[in-house]
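Pasting final-v5.cif here (mmCIF, C-alpha atoms):
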```cif
data_protein
loop_
_atom_site.label_atom_id
_atom_site.label_comp_id
_atom_site.auth_asym_id
_atom_site.auth_seq_id
_atom_site.Cartn_x
_atom_site.Cartn_y
_atom_site.Cartn_z
CA MET Z 1458 -27.28 23.21 -1.77
CA ARG Z 1459 -23.89 24.45 -2.81
CA SER Z 1460 -23.69 27.74 -4.60
CA LEU Z 1461 -23.57 27.63 -8.34
CA PRO Z 1462 -20.43 28.75 -10.07
CA GLN Z 1463 -20.45 32.41 -11.00
CA GLU Z 1464 -20.06 31.60 -14.62
CA SER Z 1465 -19.60 28.42 -16.51
CA PRO Z 1466 -16.58 28.10 -18.69
CA THR Z 1467 -18.34 28.49 -21.97
CA LEU Z 1468 -17.60 26.09 -24.69
CA ALA Z 1469 -16.92 27.19 -28.16
CA GLU Z 1470 -16.62 23.95 -30.02
CA PRO Z 1471 -15.19 24.91 -33.38
CA ALA Z 1472 -17.55 23.72 -36.05
CA PRO Z 1473 -16.13 20.37 -37.20
CA PRO Z 1474 -15.93 19.70 -40.89
CA THR Z 1475 -19.22 18.00 -41.56
CA GLU Z 1476 -20.37 16.01 -44.51
CA HIS Z 1477 -23.81 16.45 -45.84
CA LEU Z 1478 -26.00 13.43 -45.20
CA ASP Z 1479 -29.27 13.32 -47.05
CA GLU Z 1480 -32.39 11.63 -45.78
CA VAL Z 1481 -31.48 8.24 -47.26
CA ASP Z 1482 -28.00 8.39 -45.68
CA ARG Z 1483 -29.58 9.21 -42.35
CA ARG Z 1484 -31.91 6.24 -42.63
CA ILE Z 1485 -28.92 4.01 -43.29
CA VAL Z 1486 -27.09 5.44 -40.27
CA LEU Z 1487 -30.13 4.91 -38.06
CA ALA Z 1488 -30.54 1.34 -39.30
CA THR Z 1489 -26.88 0.37 -38.80
CA GLN Z 1490 -25.46 2.40 -35.90
CA SER Z 1491 -26.37 -0.33 -33.40
CA GLY Z 1492 -24.88 -2.96 -35.66
CA LEU Z 1493 -25.15 -4.83 -38.93
CA PRO Z 1494 -27.26 -7.97 -39.18
CA LEU Z 1495 -24.95 -10.97 -38.75
CA THR Z 1496 -26.09 -12.75 -41.87
CA ALA Z 1497 -24.21 -13.70 -45.02
CA ARG Z 1498 -25.62 -10.66 -46.89
CA PRO Z 1499 -25.88 -7.95 -44.22
CA TYR Z 1500 -26.15 -5.01 -46.63
CA HIS Z 1501 -28.97 -6.74 -48.45
CA ALA Z 1502 -30.76 -7.22 -45.12
CA VAL Z 1503 -30.40 -3.49 -44.38
CA ALA Z 1504 -31.64 -2.63 -47.87
CA GLU Z 1505 -34.66 -4.85 -47.42
CA GLN Z 1506 -35.43 -3.29 -44.06
CA LEU Z 1507 -35.28 0.19 -45.59
CA GLY Z 1508 -37.06 -0.71 -48.79
CA ILE Z 1509 -34.25 0.44 -51.05
CA GLY Z 1510 -31.83 -1.41 -53.31
CA ALA Z 1511 -28.80 -3.23 -51.90
CA GLU Z 1512 -26.58 -1.58 -54.52
CA GLU Z 1513 -27.69 1.81 -53.29
CA VAL Z 1514 -27.04 0.92 -49.63
CA MET Z 1515 -23.56 -0.33 -50.50
CA ALA Z 1516 -22.73 2.65 -52.70
CA ARG Z 1517 -23.84 5.11 -50.03
CA MET Z 1518 -21.96 3.31 -47.26
CA ALA Z 1519 -18.84 3.17 -49.43
CA ARG Z 1520 -19.17 6.89 -49.94
CA MET Z 1521 -19.56 7.49 -46.18
CA LEU Z 1522 -16.48 5.36 -45.52
CA GLU Z 1523 -14.52 7.30 -48.10
CA ARG Z 1524 -15.58 10.63 -46.58
CA GLY Z 1525 -14.77 9.55 -43.03
CA VAL Z 1526 -18.39 9.54 -41.85
CA ILE Z 1527 -17.80 5.83 -41.19
CA ARG Z 1528 -14.48 5.31 -39.46
CA ARG Z 1529 -14.41 1.56 -40.02
CA ILE Z 1530 -16.69 -1.48 -40.18
CA GLY Z 1531 -16.16 -4.43 -37.92
CA ALA Z 1532 -16.18 -5.74 -34.38
CA VAL Z 1533 -16.13 -3.41 -31.39
CA PRO Z 1534 -14.75 -5.45 -28.50
CA ASN Z 1535 -15.58 -4.96 -24.85
CA HIS Z 1536 -12.20 -4.19 -23.25
CA TYR Z 1537 -13.02 -5.89 -20.01
CA ALA Z 1538 -14.02 -9.12 -21.69
CA LEU Z 1539 -10.64 -9.19 -23.43
CA GLY Z 1540 -8.83 -8.72 -20.14
CA TYR Z 1541 -8.04 -5.02 -20.59
CA ARG Z 1542 -8.95 -4.10 -17.06
CA ALA Z 1543 -6.82 -0.97 -16.76
CA ASN Z 1544 -8.14 1.93 -18.76
CA GLY Z 1545 -6.14 5.06 -18.12
CA MET Z 1546 -6.92 8.50 -19.42
CA THR Z 1547 -3.43 9.95 -19.43
CA VAL Z 1548 -3.28 13.73 -19.39
CA TRP Z 1549 -0.34 16.02 -20.05
CA ASP Z 1550 0.51 19.70 -19.72
CA VAL Z 1551 2.46 20.30 -22.90
CA ALA Z 1552 3.84 23.63 -24.08
CA ASP Z 1553 1.39 25.17 -26.57
CA THR Z 1554 4.09 25.63 -29.19
CA ALA Z 1555 4.96 21.93 -29.16
CA VAL Z 1556 1.63 20.22 -28.45
CA ASP Z 1557 0.48 19.69 -32.04
CA SER Z 1558 3.64 18.07 -33.34
CA LEU Z 1559 4.01 15.97 -30.18
CA GLY Z 1560 0.31 15.08 -30.12
CA GLU Z 1561 0.64 13.52 -33.56
CA ARG Z 1562 3.56 11.41 -32.34
CA VAL Z 1563 1.79 10.33 -29.15
CA GLY Z 1564 -1.27 9.39 -31.20
CA ALA Z 1565 0.89 7.21 -33.41
CA LEU Z 1566 2.06 5.04 -30.48
CA PRO Z 1567 0.50 1.59 -30.84
CA PHE Z 1568 -1.01 1.50 -27.33
CA VAL Z 1569 -2.77 4.89 -27.60
CA SER Z 1570 -6.36 4.52 -28.77
CA HIS Z 1571 -7.52 8.14 -28.72
CA CYS Z 1572 -5.45 11.30 -28.59
CA TYR Z 1573 -6.80 14.86 -28.45
CA ARG Z 1574 -5.86 18.40 -27.59
CA ARG Z 1575 -8.37 19.97 -25.20
CA PRO Z 1576 -8.48 23.26 -23.26
CA ARG Z 1577 -6.90 23.70 -19.84
CA ARG Z 1578 -9.23 24.80 -17.03
CA PRO Z 1579 -7.02 26.59 -14.54
CA PRO Z 1580 -6.75 26.33 -11.62
CA VAL Z 1581 -8.44 22.91 -11.48
CA TRP Z 1582 -7.01 21.43 -14.65
CA PRO Z 1583 -3.63 22.26 -16.19
CA TYR Z 1584 -3.58 19.53 -18.88
CA ASN Z 1585 -4.07 20.09 -22.60
CA LEU Z 1586 -3.12 16.72 -24.15
CA PHE Z 1587 -5.30 13.65 -23.56
CA ALA Z 1588 -4.18 10.15 -24.58
CA MET Z 1589 -6.25 7.07 -23.75
CA VAL Z 1590 -4.17 4.02 -22.90
CA HIS Z 1591 -5.48 0.50 -22.37
CA GLY Z 1592 -3.55 -2.20 -20.57
CA ARG Z 1593 -4.19 -5.54 -18.94
CA ASP Z 1594 -3.20 -4.02 -15.60
CA GLU Z 1595 -2.01 -0.71 -14.19
CA ALA Z 1596 1.65 -1.73 -14.38
CA GLU Z 1597 1.26 -2.13 -18.15
CA VAL Z 1598 -0.43 1.29 -18.43
CA GLU Z 1599 2.34 2.85 -16.35
CA ALA Z 1600 5.04 1.37 -18.57
CA TYR Z 1601 3.28 2.96 -21.55
CA VAL Z 1602 3.05 6.25 -19.68
CA ARG Z 1603 6.82 6.24 -19.21
CA GLN Z 1604 7.21 5.88 -22.98
CA ILE Z 1605 4.91 8.84 -23.58
CA ALA Z 1606 6.80 10.93 -20.98
CA GLU Z 1607 10.05 10.12 -22.72
CA LEU Z 1608 8.67 11.18 -26.07
CA LEU Z 1609 7.32 14.47 -24.68
CA GLY Z 1610 10.56 15.27 -22.87
CA ALA Z 1611 11.05 18.82 -21.61
CA ALA Z 1612 7.95 20.15 -23.40
CA CYS Z 1613 5.86 18.40 -20.73
CA ARG Z 1614 5.43 20.21 -17.42
CA GLY Z 1615 3.17 17.76 -15.63
CA SER Z 1616 0.96 14.73 -16.10
CA ASP Z 1617 -1.54 12.45 -14.44
CA ILE Z 1618 -3.33 9.15 -15.09
CA LEU Z 1619 -7.05 8.94 -14.44
CA TYR Z 1620 -8.06 5.31 -14.19
CA SER Z 1621 -11.61 4.28 -14.92
CA ARG Z 1622 -13.32 2.93 -11.80
CA GLY Z 1623 -16.63 2.06 -13.38
CA ILE Z 1624 -18.84 2.74 -16.32
CA LEU Z 1625 -21.87 4.72 -15.16
CA LYS Z 1626 -23.48 4.99 -18.59
CA LYS Z 1627 -22.56 3.82 -22.07
CA THR Z 1628 -25.03 4.24 -24.88
CA GLY Z 1629 -22.56 5.37 -27.50
CA LEU Z 1630 -22.85 8.38 -29.72
CA ARG Z 1631 -26.06 7.99 -31.61
CA LEU Z 1632 -27.75 9.86 -34.35
CA ARG Z 1633 -31.21 10.45 -32.98
CA ASP Z 1634 -34.22 9.89 -35.13
CA THR Z 1635 -35.62 13.39 -35.07
CA ARG Z 1636 -37.29 13.24 -38.44
CA GLU Z 1637 -40.81 12.24 -39.14
CA PRO Z 1638 -41.40 8.50 -39.15
CA LEU Z 1639 -40.40 6.75 -42.31
CA GLU Z 1640 -43.09 5.50 -44.54
CA ALA Z 1641 -44.08 2.00 -43.60
CA MET A 904 -28.41 -5.41 -28.96
CA PRO A 905 -26.89 -6.80 -25.80
CA HIS A 906 -27.90 -4.90 -22.67
CA GLY A 907 -26.85 -4.97 -19.08
CA PRO A 908 -24.20 -3.64 -16.79
CA TYR A 909 -20.79 -2.92 -18.24
CA GLU A 910 -18.97 -3.19 -14.95
CA PRO A 911 -15.47 -4.60 -15.08
CA SER A 912 -15.88 -8.33 -14.97
CA THR A 913 -13.65 -11.30 -15.30
CA PRO A 914 -12.26 -11.77 -18.79
CA ALA A 915 -14.32 -13.94 -21.07
CA ILE A 916 -13.16 -17.45 -21.83
CA LEU A 917 -12.15 -17.39 -25.47
CA ASP A 918 -10.73 -20.15 -27.58
CA GLU A 919 -8.13 -19.71 -30.28
CA THR A 920 -10.76 -19.33 -33.00
CA ASP A 921 -12.55 -16.59 -31.07
CA ARG A 922 -9.27 -14.71 -30.68
CA ARG A 923 -8.41 -15.00 -34.36
CA ILE A 924 -11.86 -13.73 -35.29
CA ILE A 925 -11.68 -10.75 -32.93
CA ASN A 926 -8.17 -9.82 -34.04
CA ALA A 927 -9.03 -10.09 -37.72
CA LEU A 928 -12.38 -8.35 -37.68
CA GLN A 929 -11.90 -5.04 -35.88
CA GLY A 930 -12.18 -3.13 -39.10
CA GLY A 931 -12.02 -3.52 -42.80
CA LEU A 932 -15.23 -5.47 -43.37
CA PRO A 933 -15.75 -4.99 -47.09
CA ILE A 934 -18.84 -3.38 -48.51
CA ALA A 935 -19.80 -6.24 -50.78
CA GLU A 936 -22.60 -8.68 -51.30
CA GLN A 937 -21.03 -11.33 -49.04
CA PRO A 938 -18.53 -9.42 -46.93
CA PHE A 939 -17.76 -12.22 -44.50
CA ARG A 940 -16.62 -14.58 -47.21
CA VAL A 941 -13.08 -13.23 -47.46
CA TYR A 942 -12.63 -13.56 -43.68
CA ALA A 943 -14.10 -17.04 -43.63
CA GLU A 944 -11.49 -18.00 -46.21
CA SER A 945 -8.53 -16.38 -44.46
CA LEU A 946 -9.62 -17.83 -41.09
CA ASP A 947 -10.25 -21.18 -42.74
CA LEU A 948 -13.73 -21.36 -41.26
CA PRO A 949 -17.03 -22.00 -43.05
CA GLU A 950 -18.91 -18.71 -43.40
CA GLY A 951 -21.87 -20.02 -41.39
CA ARG A 952 -19.58 -20.95 -38.50
CA LEU A 953 -17.93 -17.53 -38.55
CA LEU A 954 -21.33 -15.81 -38.37
CA GLU A 955 -22.43 -18.15 -35.59
CA ARG A 956 -19.29 -17.29 -33.60
CA LEU A 957 -19.83 -13.57 -34.11
CA ARG A 958 -23.42 -13.88 -32.91
CA ARG A 959 -22.27 -15.73 -29.82
CA LEU A 960 -19.47 -13.23 -29.05
CA LEU A 961 -22.05 -10.46 -29.30
CA ALA A 962 -24.58 -12.30 -27.12
CA GLU A 963 -21.88 -12.90 -24.50
CA ARG A 964 -20.90 -9.22 -24.75
CA VAL A 965 -17.31 -10.00 -25.68
CA LEU A 966 -18.19 -7.64 -28.51
CA THR A 967 -20.26 -4.58 -27.71
CA ARG A 968 -21.24 -4.14 -31.33
CA PHE A 969 -20.54 -5.34 -34.85
CA GLY A 970 -20.96 -2.91 -37.70
CA PRO A 971 -20.01 0.53 -38.92
CA LEU A 972 -18.37 2.89 -36.45
CA TYR A 973 -19.71 6.32 -37.31
CA ASN A 974 -17.79 9.52 -36.70
CA ALA A 975 -20.31 11.74 -34.93
CA ASP A 976 -18.29 14.88 -35.73
CA ARG A 977 -18.73 14.29 -39.43
CA MET A 978 -22.48 13.89 -39.26
CA GLY A 979 -23.06 17.44 -38.13
CA GLY A 980 -23.32 16.39 -34.49
CA VAL A 981 -21.39 17.85 -31.60
CA ASN A 982 -19.92 15.91 -28.72
CA VAL A 983 -18.13 17.38 -25.76
CA LEU A 984 -16.27 15.79 -22.89
CA ALA A 985 -16.92 17.26 -19.46
CA ALA A 986 -16.08 16.53 -15.85
CA MET A 987 -17.25 17.27 -12.32
CA ALA A 988 -15.80 16.95 -8.84
CA VAL A 989 -18.47 15.13 -6.85
CA ALA A 990 -18.45 14.35 -3.12
CA GLU A 991 -18.61 10.61 -2.40
CA ASP A 992 -21.84 10.97 -0.41
CA ASP A 993 -23.57 12.61 -3.37
CA TYR A 994 -21.96 10.49 -6.06
CA GLU A 995 -24.83 8.15 -6.81
CA GLN A 996 -27.41 10.92 -6.90
CA VAL A 997 -25.33 13.11 -9.18
CA ALA A 998 -24.60 10.15 -11.47
CA ALA A 999 -28.35 9.56 -11.76
CA THR A 1000 -28.88 13.23 -12.65
CA VAL A 1001 -26.18 13.15 -15.30
CA ASN A 1002 -27.29 9.82 -16.75
CA ALA A 1003 -30.91 10.98 -16.95
CA GLN A 1004 -30.00 13.56 -19.62
CA PRO A 1005 -30.60 11.96 -23.02
CA GLU A 1006 -27.62 13.85 -24.47
CA ILE A 1007 -25.18 11.99 -22.20
CA ALA A 1008 -23.63 9.17 -24.22
CA HIS A 1009 -20.96 7.92 -21.79
CA ASN A 1010 -20.27 8.53 -18.14
CA TYR A 1011 -17.25 7.11 -16.31
CA ARG A 1012 -16.09 7.22 -12.74
CA ARG A 1013 -12.41 8.12 -12.69
CA GLU A 1014 -9.90 8.37 -9.91
CA HIS A 1015 -9.11 12.08 -9.53
CA HIS A 1016 -10.47 15.20 -7.83
CA LEU A 1017 -12.51 15.49 -11.02
CA ASN A 1018 -14.10 12.08 -10.52
CA MET A 1019 -17.01 12.00 -12.96
CA TRP A 1020 -16.30 12.24 -16.70
CA PHE A 1021 -19.01 12.24 -19.31
CA VAL A 1022 -19.63 13.00 -22.96
CA ALA A 1023 -22.67 14.92 -24.18
CA ALA A 1024 -23.68 14.49 -27.81
CA ALA A 1025 -26.36 16.40 -29.68
CA ASP A 1026 -27.15 18.02 -33.00
CA SER A 1027 -25.93 21.46 -31.95
CA PRO A 1028 -23.51 23.10 -29.50
CA GLU A 1029 -26.54 24.82 -27.91
CA ALA A 1030 -28.19 21.49 -27.09
CA VAL A 1031 -24.96 20.19 -25.52
CA GLU A 1032 -24.58 23.39 -23.52
CA ALA A 1033 -28.21 23.16 -22.36
CA ALA A 1034 -27.59 19.64 -21.03
CA PHE A 1035 -24.54 20.83 -19.08
CA ARG A 1036 -26.53 23.74 -17.64
CA ARG A 1037 -29.32 21.42 -16.53
CA ILE A 1038 -26.75 19.24 -14.78
CA GLU A 1039 -25.14 22.26 -13.09
CA ALA A 1040 -28.50 23.51 -11.89
CA ALA A 1041 -29.60 20.11 -10.56
CA ALA A 1042 -26.29 19.17 -8.95
CA GLY A 1043 -25.21 22.62 -7.80
CA LEU A 1044 -21.72 21.90 -9.10
CA PRO A 1045 -19.68 23.32 -11.94
CA VAL A 1046 -19.34 21.20 -15.07
CA TYR A 1047 -15.91 21.67 -16.62
CA ARG A 1048 -16.11 21.49 -20.41
CA PHE A 1049 -13.30 19.93 -22.42
CA PRO A 1050 -14.31 20.25 -26.07
CA LYS A 1051 -11.73 18.73 -28.37
CA GLU A 1052 -9.64 21.33 -30.09
CA ARG A 1053 -7.74 18.91 -32.23
CA GLU A 1054 -7.91 15.16 -32.88
CA TYR A 1055 -4.57 13.42 -33.33
CA TYR A 1056 -5.75 9.84 -33.41
CA VAL A 1057 -8.83 7.70 -32.87
CA GLU A 1058 -8.54 4.00 -33.42
CA LEU A 1059 -9.29 1.44 -30.83
CA ARG A 1060 -7.95 -1.94 -31.72
CA LEU A 1061 -7.41 -4.48 -29.00
CA THR A 1062 -5.62 -7.78 -29.19
CA ALA A 1063 -7.66 -10.69 -27.87
#
```

Whole structure, structure tokens version:
Amino acid sequence: MRSLPQESPTLAEPAPPTEHLDEVDRRIVLATQSGLPLTARPYHAVAEQLGIGAEEVMARMARMLERGVIRRIGAVPNHYALGYRANGMTVWDVADTAVDSLGERVGALPFVSHCYRRPRRPPVWPYNLFAMVHGRDEAEVEAYVRQIAELLGAACRGSDILYSRGILKKTGLRLRDTREPLEA
Amino acid sequence: MPHGPYEPSTPAILDETDRRIINALQGGLPIAEQPFRVYAESLDLPEGRLLERLRRLLAERVLTRFGPLYNADRMGGVNVLAAMAVAEDDYEQVAATVNAQPEIAHNYRREHHLNMWFVAAADSPEAVEAAFRRIEAAAGLPVYRFPKEREYYVELRLTA
């Protein structure tokens, strides 16, 4: 057994702006987070399943969409099935004074799907800007990386690309049903 | 819900209609009584055929899901990215330990000294931290936490 680290880098996730979801909202989330029924009237099917009115389901979902609780509604493709075999987490050490303005610009590039600022963990990890790039092959990802490097210019002191070599688990971020069972 | 391994596989065989559907439907489904109708019209496809195609794309796992994409951060949940440096000989065992924690939503092997990257999601920062501590205790390795400090962009749209 290896020795445990003396202390773990503690996380202090700043409280994200949250939106209050009441019990009915939560039931809608639980009923739809794995997907909508693929029928002509999917919101009516959800309403029927939950025993509430379709108008209410639609109004509440519209409200969640408006408040950003729902990012979007539609198809979530499997990258690999579409031929996007190269999935690179590109990471960058960007000067703290410039990272926010540059992060916004990197995030706006059409081939960047996610872009975040995260803490460095010296000495093992010097990078503070993370941009996920998907390409059909590594050459395509690397061409995109050159565009990001150009945009960052002198504010960037180092970078790396971490390619995905396999999905070990993927259940998605789920709201867990921690409440008492719904009435039948 | 489709289940099974998500290992990189050969690309699916898609016809032109499949591609048009995937490209058109990655967001923006209206919240309306018959939300597919407007797409059926613009794709020039009967609504029943469009739904049939979507069901097939889901069954073949060309789509991993069809529906609302919720923003976990806005539902009062917490999710944190973390990574470990795992020796090859121990990799499988450590992956099993990590994956066994119910808080772990994703876990990817990546090519780097830090070669295992995972996301823990729970209702509170304490529950996420507890999952990381259980992993550290079981694996005897440090878990490096990378909570997001700022989100610049999140939007995954792929062209079929």

Could the residues of chain A that have an atom at most 6 Å from chain Z be listed as a tab-separated table, each with its closest atom pair and the distance in Å to one decimal, counting only C-alpha atoms and ordered by chain and ascending residue number?
```
residue	atom	partner	partner_atom	distance
A:Glu910	CA	Z:Gly1623	CA	6.0
A:Pro911	CA	Z:Tyr1537	CA	5.7
A:Pro914	CA	Z:Ala1538	CA	4.3
A:Ala915	CA	Z:Ala1538	CA	4.9
A:Leu928	CA	Z:Gly1531	CA	5.5
A:Gln929	CA	Z:Ala1532	CA	4.6
A:Gly930	CA	Z:Gly1531	CA	4.4
A:Gly931	CA	Z:Ile1530	CA	5.7
A:Leu932	CA	Z:Ile1530	CA	5.3
A:Ile934	CA	Z:Met1515	CA	6.0
A:Glu936	CA	Z:Arg1498	CA	5.7
A:Gln937	CA	Z:Arg1498	CA	5.1
A:Val965	CA	Z:Ala1538	CA	5.2
A:Leu966	CA	Z:Pro1534	CA	4.1
A:Thr967	CA	Z:Asn1535	CA	5.5
A:Arg968	CA	Z:Val1533	CA	5.2
A:Phe969	CA	Z:Ala1532	CA	4.4
A:Gly970	CA	Z:Gly1492	CA	4.4
A:Pro971	CA	Z:Ile1530	CA	4.1
A:Leu972	CA	Z:Arg1528	CA	5.5
A:Tyr973	CA	Z:Ile1527	CA	4.4
A:Asn974	CA	Z:Val1526	CA	5.2
A:Arg977	CA	Z:Thr1475	CA	4.3
A:Met978	CA	Z:Thr1475	CA	5.7
A:Gly979	CA	Z:Thr1475	CA	5.2
A:Ala1008	CA	Z:Gly1629	CA	5.1
A:His1009	CA	Z:Lys1627	CA	4.4
A:Asn1010	CA	Z:Lys1626	CA	4.8
A:Tyr1011	CA	Z:Ile1624	CA	4.7
A:Arg1012	CA	Z:Arg1622	CA	5.2
A:Arg1013	CA	Z:Ser1621	CA	4.5
A:Glu1014	CA	Z:Leu1619	CA	5.4
A:Gly1043	CA	Z:Leu1461	CA	5.3
A:Pro1045	CA	Z:Pro1462	CA	5.8
A:Phe1049	CA	Z:Arg1575	CA	5.7
A:Pro1050	CA	Z:Glu1470	CA	5.9
A:Lys1051	CA	Z:Arg1575	CA	4.8
A:Glu1052	CA	Z:Arg1575	CA	5.2
A:Arg1053	CA	Z:Arg1574	CA	5.0
A:Glu1054	CA	Z:Tyr1573	CA	4.6
A:Tyr1055	CA	Z:Glu1561	CA	5.2
A:Tyr1056	CA	Z:Gly1564	CA	5.0
A:Val1057	CA	Z:His1571	CA	4.4
A:Glu1058	CA	Z:Ser1570	CA	5.2
A:Leu1059	CA	Z:Ser1570	CA	4.7
A:Ala1063	CA	Z:Leu1539	CA	5.6
```

For CA of Glu1595 (chain Z) and CA of Thr1062 (chain A), quote the distance in Å rounded to one decimal.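 Here the two named atoms are 17.0 Å from each other.
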
List as a list in words the protein and nucleic acid residues near Ala1033 (chain A), meaning an atom at most 12 Å away when all atoms listed in the file are counted, but skip any in the same chain fewer than 4 places from it. Ser1465, Thr1467 and Leu1468 of chain Z; Gln1004, Pro1005, Glu1006, Ile1007, Ala1023, Ala1024, Ala1025, Asp1026, Ser1027, Pro1028, Glu1029, Arg1037, Ile1038, Glu1039, Ala1040 and Val1046 of chain A

Would you mind listing what lies within 9 Å of Ala990 (chain A) as a PyMOL selection string, with all atoms listed in the file counted and same-chain residues fewer than 3 positions away left out? chain A and resi 993-994+1018

Give me, please, the distance in Å between CA of Ala1504 (chain Z) and CA of Ala1488 (chain Z), quoted to one decimal.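 About the pair CA of Ala1504 (chain Z) and CA of Ala1488 (chain Z): they are 9.5 Å apart.
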
What does the structure give for the distance between CA of Arg922 (chain A) and CA of Leu948 (chain A), in Å to one decimal?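 These atoms are spaced 13.3 Å apart.
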
Centre and edges of the region 1606-1621 of chain Z box, axis-aligned, 6 Å extra per side, as lines of an AutoDock Vina configuration file:
```
center_x = -0.3
center_y = 12.2
center_z = -20.1
size_x = 34.7
size_y = 27.9
size_z = 23.9
```

For Ala986 (chain A), list every protein, DNA or RNA residue within 6 Å, evaluated using all atoms listed in the file, and leave out those in the same chain fewer than 3 positions away; present the list as a list in words. Met1019, Trp1020, Val1046 and Tyr1047 of chain A

Nearest to Arg1614 (chain Z) by atom-to-atom distance, counting only C-alpha atoms, from Z:Pro1579, Z:Tyr1601, Z:Trp1549, Z:Asp1594: Z:Trp1549

Residue nearest Met987 (chain A) - candidates A:Ala975, A:Ala1034, A:Ala962, A:Ala1042, atoms counted: all atoms listed in the file: A:Ala1042

Given only C-alpha atoms as the counted atoms, nearest of A:Leu984, A:Asp976, A:Glu955, A:Ala1041 to Ala998 (chain A):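 The answer is A:Ala1041, which sits nearest to Ala998 (chain A).
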